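J.: I am sharing entry.tsv, which consists of TSV, C-alpha atoms:
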chain	number	residue	atom	x	y	z
Z	14	MET	CA	0.00	0.00	0.00
Z	15	SER	CA	1.30	3.39	-0.79
Z	16	ASP	CA	0.99	6.24	1.71
Z	17	ASN	CA	-0.37	8.65	-0.80
Z	18	PRO	CA	-3.28	7.58	-3.01
Z	19	PHE	CA	-1.96	9.90	-5.71
Z	20	SER	CA	1.57	8.58	-5.74
Z	21	LEU	CA	0.57	5.56	-7.85
Z	22	TRP	CA	-1.11	7.87	-10.38
Z	23	VAL	CA	1.87	10.22	-10.36
Z	24	TYR	CA	4.12	7.27	-11.08
Z	25	LEU	CA	1.91	5.71	-13.77
Z	26	SER	CA	1.02	8.95	-15.52
Z	27	GLN	CA	4.72	9.60	-16.09
Z	28	SER	CA	5.45	6.11	-17.40
Z	29	PRO	CA	5.32	5.17	-21.09
Z	30	LEU	CA	3.41	2.01	-20.12
Z	31	LEU	CA	0.19	3.83	-19.22
Z	32	TRP	CA	-0.02	5.96	-22.38
Z	33	LEU	CA	0.97	3.13	-24.69
Z	34	THR	CA	-1.75	0.98	-23.12
Z	35	VAL	CA	-4.32	3.79	-23.36
Z	36	THR	CA	-3.48	4.34	-27.05
Z	37	LEU	CA	-3.86	0.65	-27.91
Z	38	LEU	CA	-6.99	0.10	-25.79
Z	39	VAL	CA	-8.84	3.16	-27.08
Z	40	TYR	CA	-7.91	2.36	-30.68
Z	41	ALA	CA	-8.91	-1.31	-30.29
Z	42	THR	CA	-12.30	-0.08	-29.08
Z	43	THR	CA	-12.86	2.55	-31.81
Z	44	ASP	CA	-11.69	0.03	-34.43
Z	45	ALA	CA	-14.15	-2.58	-33.12
Z	46	VAL	CA	-16.96	0.00	-33.32
Z	47	SER	CA	-15.87	0.89	-36.86
Z	48	LEU	CA	-16.04	-2.82	-37.78
Z	49	THR	CA	-19.54	-3.27	-36.36
Z	50	THR	CA	-20.71	-0.31	-38.49
Z	51	ARG	CA	-19.14	-2.13	-41.46
Z	52	ARG	CA	-16.52	0.63	-41.76
Z	53	HIS	CA	-18.96	3.52	-41.95
Z	54	PRO	CA	-16.95	6.65	-42.91
Z	55	LEU	CA	-18.15	8.58	-39.85
Z	56	ALA	CA	-17.00	5.80	-37.51
Z	57	ASN	CA	-13.38	6.56	-38.50
Z	58	PRO	CA	-11.27	4.88	-35.79
Z	59	VAL	CA	-8.47	7.50	-35.88
Z	60	LEU	CA	-10.88	10.40	-35.41
Z	61	HIS	CA	-12.64	8.88	-32.43
Z	62	ALA	CA	-9.47	7.57	-30.77
Z	63	MET	CA	-8.01	11.07	-31.14
Z	64	TRP	CA	-10.71	13.00	-29.34
Z	65	ILE	CA	-11.21	10.36	-26.65
Z	66	ILE	CA	-7.50	10.30	-25.77
Z	67	GLY	CA	-7.28	14.10	-26.15
Z	68	ALA	CA	-10.18	14.60	-23.73
Z	69	PHE	CA	-8.58	12.14	-21.29
Z	70	LEU	CA	-5.30	14.09	-21.38
Z	71	LEU	CA	-7.13	17.39	-20.76
Z	72	MET	CA	-9.14	15.94	-17.88
Z	73	THR	CA	-6.08	14.46	-16.17
Z	74	GLY	CA	-3.93	17.52	-16.91
Z	75	THR	CA	-1.39	15.40	-18.77
Z	76	SER	CA	0.89	17.18	-21.22
Z	77	TYR	CA	1.16	15.97	-24.82
Z	78	THR	CA	4.90	15.51	-24.26
Z	79	THR	CA	4.24	13.03	-21.43
Z	80	TYR	CA	1.62	11.23	-23.52
Z	81	PHE	CA	3.92	11.05	-26.53
Z	82	ALA	CA	6.72	9.46	-24.49
Z	83	GLY	CA	4.50	6.36	-24.40
Z	84	ALA	CA	2.74	6.72	-27.75
Z	85	GLN	CA	6.01	7.17	-29.65
Z	86	PHE	CA	6.42	3.40	-29.86
Z	87	VAL	CA	3.30	3.28	-32.03
Z	88	HIS	CA	4.25	6.46	-33.90
Z	89	PHE	CA	7.65	4.96	-34.74
Z	90	LEU	CA	6.02	2.19	-36.78
Z	91	LEU	CA	4.84	4.72	-39.41
Z	92	GLY	CA	8.26	4.48	-41.08
Z	93	PRO	CA	8.35	0.67	-41.32
Z	94	ALA	CA	4.69	0.67	-42.43
Z	95	THR	CA	5.61	2.99	-45.31
Z	96	VAL	CA	8.38	0.57	-46.34
Z	97	ALA	CA	5.85	-2.29	-46.05
Z	98	LEU	CA	3.71	-0.64	-48.76
Z	99	ALA	CA	6.25	-2.20	-51.15
Z	100	VAL	CA	4.53	-5.57	-50.70
Z	101	PRO	CA	1.01	-4.74	-52.01
Z	102	LEU	CA	2.72	-2.67	-54.70
Z	103	TYR	CA	4.85	-5.69	-55.69
Z	104	GLU	CA	1.87	-8.03	-55.70
Z	105	ASN	CA	-0.15	-5.69	-57.95
Z	106	ARG	CA	2.75	-4.52	-60.10
Z	107	LYS	CA	1.19	-5.52	-63.43
Z	108	ARG	CA	-1.91	-3.46	-62.77
Z	109	VAL	CA	0.19	-0.52	-61.55
Z	110	VAL	CA	2.50	-0.53	-64.57
Z	111	ALA	CA	-0.54	-0.66	-66.87
Z	112	SER	CA	-1.92	2.52	-65.26
Z	113	ILE	CA	1.28	4.53	-65.23
Z	114	VAL	CA	0.13	7.29	-67.61
Z	115	PRO	CA	-3.18	8.17	-65.92
Z	116	MET	CA	-1.32	8.05	-62.58
Z	117	LEU	CA	1.34	10.55	-63.58
Z	118	VAL	CA	-1.11	13.01	-65.17
Z	119	ALA	CA	-3.46	12.78	-62.16
Z	120	LEU	CA	-0.45	13.24	-59.85
Z	121	VAL	CA	0.50	16.57	-61.41
Z	122	ALA	CA	-3.10	17.83	-61.57
Z	123	GLY	CA	-3.87	16.70	-58.01
Z	124	SER	CA	-0.66	18.03	-56.40
Z	125	VAL	CA	-1.13	21.46	-57.96
Z	126	THR	CA	-4.81	21.52	-56.94
Z	127	ALA	CA	-4.02	20.46	-53.36
Z	128	VAL	CA	-1.53	23.29	-52.79
Z	129	VAL	CA	-3.14	26.08	-54.86
Z	130	SER	CA	-6.67	25.47	-53.56
Z	131	VAL	CA	-5.68	25.56	-49.91
Z	132	VAL	CA	-3.55	28.70	-50.30
Z	133	LEU	CA	-6.24	30.58	-52.25
Z	134	LEU	CA	-9.06	29.51	-49.92
Z	135	ALA	CA	-7.05	30.42	-46.83
Z	136	GLU	CA	-6.25	33.85	-48.29
Z	137	PHE	CA	-9.91	34.31	-49.18
Z	138	ALA	CA	-10.91	33.39	-45.60
Z	139	GLY	CA	-8.57	36.12	-44.39
Z	140	LEU	CA	-6.31	33.84	-42.34
Z	141	PRO	CA	-2.99	35.32	-41.17
Z	142	ARG	CA	0.02	34.81	-43.42
Z	143	ASP	CA	1.83	32.34	-41.14
Z	144	VAL	CA	-1.32	30.20	-40.91
Z	145	VAL	CA	-1.66	30.21	-44.72
Z	146	THR	CA	1.91	28.99	-45.24
Z	147	SER	CA	1.53	26.39	-42.48
Z	148	LEU	CA	-1.55	24.94	-44.23
Z	149	ALA	CA	0.04	24.78	-47.72
Z	150	PRO	CA	1.63	21.29	-47.47
Z	151	LYS	CA	-1.47	19.76	-45.77
Z	152	SER	CA	-1.97	16.93	-48.28
Z	153	VAL	CA	1.46	15.41	-47.66
Z	154	THR	CA	2.39	12.83	-45.03
Z	155	ALA	CA	3.26	14.55	-41.72
Z	156	GLY	CA	7.03	14.01	-41.64
Z	157	VAL	CA	7.57	15.57	-45.05
Z	158	ALA	CA	4.97	18.32	-44.54
Z	159	MET	CA	6.67	19.46	-41.34
Z	160	GLY	CA	10.01	19.63	-43.17
Z	161	ILE	CA	8.46	21.80	-45.90
Z	162	SER	CA	6.84	23.99	-43.26
Z	163	GLU	CA	10.14	24.45	-41.44
Z	164	SER	CA	11.97	25.46	-44.61
Z	165	LEU	CA	9.33	28.20	-45.14
Z	166	HIS	CA	9.67	29.44	-41.52
Z	167	ALA	CA	6.01	28.49	-40.97
Z	168	ASP	CA	4.69	26.67	-37.87
Z	169	PRO	CA	5.50	22.92	-38.18
Z	170	SER	CA	3.20	21.93	-35.30
Z	171	LEU	CA	0.27	23.73	-36.95
Z	172	THR	CA	1.23	21.95	-40.17
Z	173	ALA	CA	1.12	18.60	-38.36
Z	174	VAL	CA	-2.38	19.40	-37.06
Z	175	SER	CA	-3.62	20.49	-40.49
Z	176	VAL	CA	-2.14	17.34	-42.05
Z	177	ILE	CA	-4.02	15.14	-39.58
Z	178	LEU	CA	-7.29	17.09	-39.97
Z	179	THR	CA	-6.97	16.88	-43.76
Z	180	GLY	CA	-6.29	13.15	-43.61
Z	181	ILE	CA	-9.30	12.49	-41.41
Z	182	MET	CA	-11.65	14.66	-43.44
Z	183	GLY	CA	-10.40	13.04	-46.66
Z	184	ALA	CA	-10.93	9.55	-45.19
Z	185	ILE	CA	-14.48	10.45	-44.15
Z	186	ILE	CA	-15.46	12.22	-47.38
Z	187	VAL	CA	-13.84	10.01	-50.03
Z	188	THR	CA	-16.28	7.06	-50.10
Z	189	PRO	CA	-19.58	9.03	-50.16
Z	190	LEU	CA	-18.10	11.55	-52.62
Z	191	MET	CA	-16.92	8.86	-55.06
Z	192	ASN	CA	-20.18	6.92	-54.75
Z	193	ARG	CA	-22.17	10.07	-55.50
Z	194	THR	CA	-19.93	10.91	-58.46
Z	195	GLY	CA	-20.54	7.38	-59.75
Z	196	ILE	CA	-16.84	6.46	-60.00
Z	197	THR	CA	-16.41	2.71	-59.64
Z	198	ASP	CA	-12.74	2.50	-60.70
Z	199	PHE	CA	-10.90	1.63	-57.49
Z	200	ARG	CA	-7.53	2.53	-59.00
Z	201	ALA	CA	-8.70	6.13	-59.50
Z	202	ARG	CA	-10.57	6.30	-56.17
Z	203	GLY	CA	-7.56	5.04	-54.23
Z	204	PHE	CA	-5.15	7.28	-56.07
Z	205	ALA	CA	-7.26	10.33	-55.20
Z	206	ALA	CA	-7.52	9.26	-51.55
Z	207	GLY	CA	-3.75	8.89	-51.15
Z	208	LEU	CA	-2.98	12.11	-52.98
Z	209	ALA	CA	-5.47	14.28	-51.07
Z	210	ALA	CA	-5.35	12.55	-47.68
Z	211	HIS	CA	-1.91	10.82	-47.48
Z	212	GLY	CA	-1.55	7.94	-44.97
Z	213	ILE	CA	-4.93	8.28	-43.27
Z	214	GLY	CA	-6.57	8.23	-46.73
Z	215	THR	CA	-4.44	5.17	-47.55
Z	216	ALA	CA	-5.49	3.40	-44.36
Z	217	ARG	CA	-9.11	4.09	-45.32
Z	218	ALA	CA	-8.51	2.90	-48.90
Z	219	PHE	CA	-7.15	-0.43	-47.63
Z	220	GLN	CA	-10.32	-0.85	-45.54
Z	221	VAL	CA	-12.46	-0.45	-48.65
Z	222	ASN	CA	-10.53	-2.29	-51.36
Z	223	GLU	CA	-7.00	-3.68	-51.74
Z	224	ILE	CA	-6.43	-2.19	-55.22
Z	225	ALA	CA	-7.57	1.20	-53.88
Z	226	GLY	CA	-5.05	0.81	-51.05
Z	227	VAL	CA	-2.18	0.05	-53.43
Z	228	PHE	CA	-2.89	3.06	-55.65
Z	229	SER	CA	-3.39	5.23	-52.59
Z	230	GLY	CA	0.02	4.28	-51.23
Z	231	ILE	CA	1.65	5.14	-54.56
Z	232	ALA	CA	-0.15	8.50	-54.71
Z	233	MET	CA	0.94	9.32	-51.17
Z	234	SER	CA	4.61	8.58	-51.93
Z	235	LEU	CA	4.64	10.45	-55.25
Z	236	ASN	CA	2.75	13.44	-53.85
Z	237	ALA	CA	5.32	13.83	-51.06
Z	238	LEU	CA	7.94	14.21	-53.76
Z	239	VAL	CA	6.05	16.65	-56.01
Z	240	THR	CA	4.73	18.82	-53.17
Z	241	SER	CA	8.24	19.38	-51.77
Z	242	PHE	CA	9.04	21.25	-54.98
Z	243	LEU	CA	5.61	22.80	-55.46
Z	244	VAL	CA	4.89	24.46	-52.11
Z	245	PRO	CA	7.83	26.92	-52.09
Z	246	ILE	CA	6.90	28.03	-55.64
Z	247	ALA	CA	3.19	28.36	-54.80
Z	248	VAL	CA	3.87	30.31	-51.61
Z	249	THR	CA	6.14	32.76	-53.46
Z	250	LEU	CA	3.58	33.28	-56.22
Z	251	LEU	CA	0.31	33.25	-54.28
Z	252	VAL	CA	0.80	34.48	-50.73
Z	253	ARG	CA	0.56	38.25	-50.31
R	10	MET	CA	9.01	-12.77	-38.42
R	11	LEU	CA	12.00	-11.24	-36.68
R	12	ALA	CA	14.16	-11.50	-39.79
R	13	SER	CA	11.36	-9.95	-41.87
R	14	LEU	CA	11.00	-7.01	-39.50
R	15	SER	CA	14.78	-6.54	-39.53
R	16	LEU	CA	14.75	-6.46	-43.32
R	17	ILE	CA	11.99	-3.80	-43.31
R	18	LEU	CA	13.91	-1.70	-40.76
R	19	LEU	CA	17.13	-2.16	-42.73
R	20	CYS	CA	15.45	-0.84	-45.89
R	21	GLN	CA	14.21	2.19	-43.94
R	22	LEU	CA	17.65	2.74	-42.41
R	23	ILE	CA	19.38	2.67	-45.80
R	24	GLY	CA	16.67	4.98	-47.12
R	25	GLU	CA	17.29	7.48	-44.31
R	26	VAL	CA	21.07	7.34	-44.75
R	27	VAL	CA	20.85	7.97	-48.51
R	28	VAL	CA	18.23	10.74	-48.18
R	29	ARG	CA	20.18	12.58	-45.46
R	30	GLY	CA	23.53	11.95	-47.15
R	31	LEU	CA	22.44	13.33	-50.51
R	32	GLY	CA	20.00	15.94	-49.15
R	33	LEU	CA	17.13	14.50	-51.22
R	34	PRO	CA	13.70	16.12	-50.74
R	35	LEU	CA	11.87	12.83	-50.13
R	36	PRO	CA	11.21	10.87	-46.94
R	37	GLY	CA	13.66	8.09	-46.06
R	38	PRO	CA	10.90	5.46	-45.71
R	39	VAL	CA	9.73	6.14	-49.29
R	40	LEU	CA	13.22	5.31	-50.54
R	41	GLY	CA	13.09	2.25	-48.26
R	42	LEU	CA	9.85	1.26	-49.99
R	43	LEU	CA	11.58	1.41	-53.39
R	44	LEU	CA	14.48	-0.62	-52.04
R	45	LEU	CA	12.22	-3.39	-50.70
R	46	LEU	CA	10.31	-3.42	-53.99
R	47	LEU	CA	13.58	-3.85	-55.91
R	48	LEU	CA	14.62	-6.66	-53.55
R	49	LEU	CA	11.33	-8.49	-54.13
R	50	LEU	CA	11.66	-8.10	-57.91
R	51	ALA	CA	15.31	-9.21	-57.81
R	52	ARG	CA	14.36	-12.28	-55.79
R	53	ASP	CA	12.05	-13.47	-58.57
R	54	ARG	CA	14.91	-13.25	-61.05
R	55	PHE	CA	17.79	-14.63	-58.96
R	56	ALA	CA	17.03	-17.77	-56.95
R	57	LEU	CA	20.12	-16.99	-54.87
R	58	LEU	CA	18.27	-14.17	-53.08
R	59	ALA	CA	15.32	-16.33	-52.06
R	60	ARG	CA	16.42	-17.00	-48.50
R	61	GLY	CA	15.66	-15.82	-44.98
R	62	PRO	CA	12.86	-13.21	-44.98
R	63	LEU	CA	12.71	-13.32	-48.78
R	64	ARG	CA	11.66	-16.99	-48.68
R	65	ASN	CA	8.15	-18.39	-48.24
R	66	ASP	CA	6.40	-15.00	-48.11
R	67	GLY	CA	8.27	-14.04	-44.92
R	68	VAL	CA	8.55	-10.32	-45.56
R	69	GLU	CA	5.15	-10.32	-47.28
R	70	THR	CA	3.42	-11.67	-44.17
R	71	ALA	CA	5.18	-9.22	-41.83
R	72	SER	CA	4.36	-6.26	-44.09
R	73	LYS	CA	0.70	-7.17	-44.34
R	74	GLY	CA	0.59	-7.48	-40.55
R	75	LEU	CA	1.89	-3.92	-40.21
R	76	LEU	CA	-0.45	-2.53	-42.88
R	77	ALA	CA	-3.48	-4.18	-41.29
R	78	HIS	CA	-3.16	-1.65	-38.46
R	79	LEU	CA	-2.07	1.37	-40.48
R	80	SER	CA	-4.81	3.60	-38.99
R	81	LEU	CA	-3.57	3.02	-35.44
R	82	LEU	CA	-0.18	4.51	-36.30
R	83	PHE	CA	-1.72	7.96	-36.88
R	84	VAL	CA	-3.33	8.19	-33.45
R	85	PRO	CA	-0.29	9.53	-31.50
R	86	ALA	CA	0.27	12.37	-34.01
R	87	GLY	CA	-3.48	13.04	-34.14
R	88	VAL	CA	-3.73	13.53	-30.40
R	89	GLY	CA	-1.25	16.42	-30.96
R	90	VAL	CA	-4.30	18.51	-31.86
R	91	VAL	CA	-4.64	19.18	-28.09
R	92	GLN	CA	-1.55	21.38	-28.35
R	93	LYS	CA	-3.24	23.69	-30.85
R	94	LEU	CA	-6.60	24.15	-29.15
R	95	ASP	CA	-6.03	27.90	-28.65
R	96	LEU	CA	-5.35	28.44	-32.33
R	97	LEU	CA	-8.30	26.24	-33.27
R	98	ALA	CA	-10.49	28.29	-30.92
R	99	SER	CA	-9.58	31.54	-32.70
R	100	HIS	CA	-9.35	30.39	-36.34
R	101	GLY	CA	-10.71	26.83	-36.09
R	102	ILE	CA	-13.89	27.15	-38.16
R	103	ALA	CA	-12.08	28.94	-41.01
R	104	ILE	CA	-9.19	26.44	-40.96
R	105	ILE	CA	-11.50	23.41	-40.97
R	106	LEU	CA	-13.68	24.83	-43.78
R	107	VAL	CA	-10.62	25.71	-45.87
R	108	LEU	CA	-9.11	22.23	-45.39
R	109	ALA	CA	-12.44	20.47	-46.08
R	110	LEU	CA	-13.11	22.41	-49.30
R	111	SER	CA	-9.54	21.93	-50.48
R	112	VAL	CA	-9.65	18.19	-49.82
R	113	ILE	CA	-12.94	17.82	-51.73
R	114	VAL	CA	-11.63	19.79	-54.73
R	115	THR	CA	-8.37	17.81	-54.69
R	116	LEU	CA	-10.19	14.45	-54.54
R	117	LEU	CA	-12.46	15.41	-57.44
R	118	VAL	CA	-9.73	16.85	-59.68
R	119	THR	CA	-7.46	13.84	-59.09
R	120	VAL	CA	-10.10	11.17	-59.66
R	121	LEU	CA	-11.61	12.92	-62.71
R	122	VAL	CA	-8.22	13.49	-64.38
R	123	PHE	CA	-7.27	9.86	-63.70
R	124	ARG	CA	-10.52	8.61	-65.26
R	125	LEU	CA	-10.31	11.00	-68.20
R	126	VAL	CA	-6.76	9.97	-69.15
R	127	SER	CA	-7.61	6.32	-68.55
R	128	ARG	CA	-10.61	6.61	-70.88
R	129	LEU	CA	-8.58	8.44	-73.54
R	130	LEU	CA	-6.15	5.51	-73.47
R	131	ARG	CA	-9.14	3.15	-73.70
R	132	GLN	CA	-8.10	1.26	-70.60
R	133	GLN	CA	-10.42	-1.27	-69.08
R	134	GLU	CA	-12.10	-0.16	-65.89
R	135	VAL	CA	-11.02	-2.30	-62.96
R	136	PRO	CA	-14.15	-3.33	-61.11
Would you kindly transcribe this structure into structure tokens?
T.:
Amino acid sequence: MSDNPFSLWVYLSQSPLLWLTVTLLVYATTDAVSLTTRRHPLANPVLHAMWIIGAFLLMTGTSYTTYFAGAQFVHFLLGPATVALAVPLYENRKRVVASIVPMLVALVAGSVTAVVSVVLLAEFAGLPRDVVTSLAPKSVTAGVAMGISESLHADPSLTAVSVILTGIMGAIIVTPLMNRTGITDFRARGFAAGLAAHGIGTARAFQVNEIAGVFSGIAMSLNALVTSFLVPIAVTLLVR
Amino acid sequence: MLASLSLILLCQLIGEVVVRGLGLPLPGPVLGLLLLLLLLLARDRFALLARGPLRNDGVETASKGLLAHLSLLFVPAGVGVVQKLDLLASHGIAIILVLALSVIVTLLVTVLVFRLVSRLLRQQEVP
């Protein structure tokens, strides 16, 4: 028995064990709910895990830094998971090679649209200059987007937030939007998801259809490359 | 399993070293992806390479295991939103609307251009 009822909490709340467990438990729950709704877009497991854990941190007065000390073990796996995308790509290589031309044209059109639309809309909404530049790389996977943001002297942590918000909104919107537009080609649907909504869009694409997942992963990787060149140009040309 | 994970990490490590070393503007793991893809393709050509994790779908199984939980990996970064609550309180609605509109426009332009070019090339639609 400890003398102070809070000392156990003080100990646990500072240990990586607690926050790693919380991350896995909450996600396992939101993922199970998502499965029972047959992967309904609004039951997105990342979205719900995010606000539940966020609310828990606010209620217990835990800093994000403390939380991340535990959650980093999960975060770390993003790199290996990106490498692992080689496997579905390898298994579907014939289909991918056959679609190389539409992919490259859609890549250029989509990358330009992603950057230009967000900069113009943010200017139109009257957002401050540093917010506009921080939003510009929002369609690229977080690690790369934060690098771009840093090189522009924008706010990398705001960029990270806008990347996540974009990914989640893309993952929620993509299926109903494509169904309404009547597009049944899962190569094109997946490619759009990965280009507009990076890894979270890719995770969603894999839930819907394997081919969509493969094309989404390719779009995410290629868009990271194109956007690195595009954002500095767009910011110079478009931002007041 | 362990050998397969090591191979995946090794690909990422080489990717990071090359990207940092040459100052390339792409993420290390993306180069790691290309490296693993080349290894898998090379294995099919040279029987000599088909050992360890490159035998009997070793690295394939490990990779699919990782990708099955891809969504989970975004949760820690996503919770980072709590750090920006003040900014979201002042500009949140505008930021969310701007991002939502941009993502819709980007999805539509990308998918329509893909379909248009695909149709011009008379490619079969993949059901």
J.: Point out the residue among Z:Glu136, Z:Val114, Z:Asn105, Z:Asp168 with the least atom-to-atom distance to Ala225 (chain Z), counting all atoms listed in the file.
T.: Z:Asn105
J.: Quick one: distance from CA of Thr154 (chain Z) to CA of Ser175 (chain Z) in Å, one decimal?
T.: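 Interatomic distance here is 10.7 Å.
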J.: So which one's closest to chain R, Z:Ile113, Z:Ala68, Z:Ala127, Z:Ile246? Using all atoms listed in the file, please.
T.: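 Counting all atoms listed in the file, the residue closest to chain R is Z:Ala127.
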J.: Between R:Leu31, R:Leu48, R:Leu82, R:Leu110, which has the minimum distance to Val68 (chain R) (counting only C-alpha atoms)?
T.: R:Leu48
J.: Return the neighbours of chain R among the residues of chain Z, cut-off 7 Å, counting all atoms listed in the file, as a count of residues only.
T.: 56
J.: Using only C-alpha atoms, find the one residue out of Z:Thr215, Z:Thr188, Z:Thr75, Z:Thr43 that sits nearest to Ile231 (chain Z).
T.: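 Closest to Ile231 (chain Z), using only C-alpha atoms: Z:Thr215.
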J.: Select, from Z:Ala155, Z:Leu251, Z:Val128, Z:Ala173, the residue with the minimum atom-to-atom distance to Val239 (chain Z), counting all atoms listed in the file.
T.: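 Answer, going by the shortest atom-to-atom distance: Z:Val128.
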J.: Can you tell me, as a ChimeraX atom specification, which residues sit within 10 Å of (-0.5, 19.1, -42.6) in the file's frame, using only C-alpha atoms?
T.: /Z:147-159,161-162,169-180,210-211 /R:108
J.: CA of Leu133 (chain Z) to CA of Ile186 (chain Z): how many Å, to one decimal?
T.: 21.1 Å
J.: Using all atoms listed in the file, find the one residue out of Z:Gln27, Z:Gln220, Z:Val252, Z:Thr50 that sits nearest to Phe137 (chain Z).
T.: Z:Val252
J.: Grab the CA of Val144 (chain Z) to CA of Val132 (chain Z) distance for me, in Å with one decimal place.
T.: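 If I compute the distance from CA of Val144 (chain Z) to CA of Val132 (chain Z), I get 9.8 Å.
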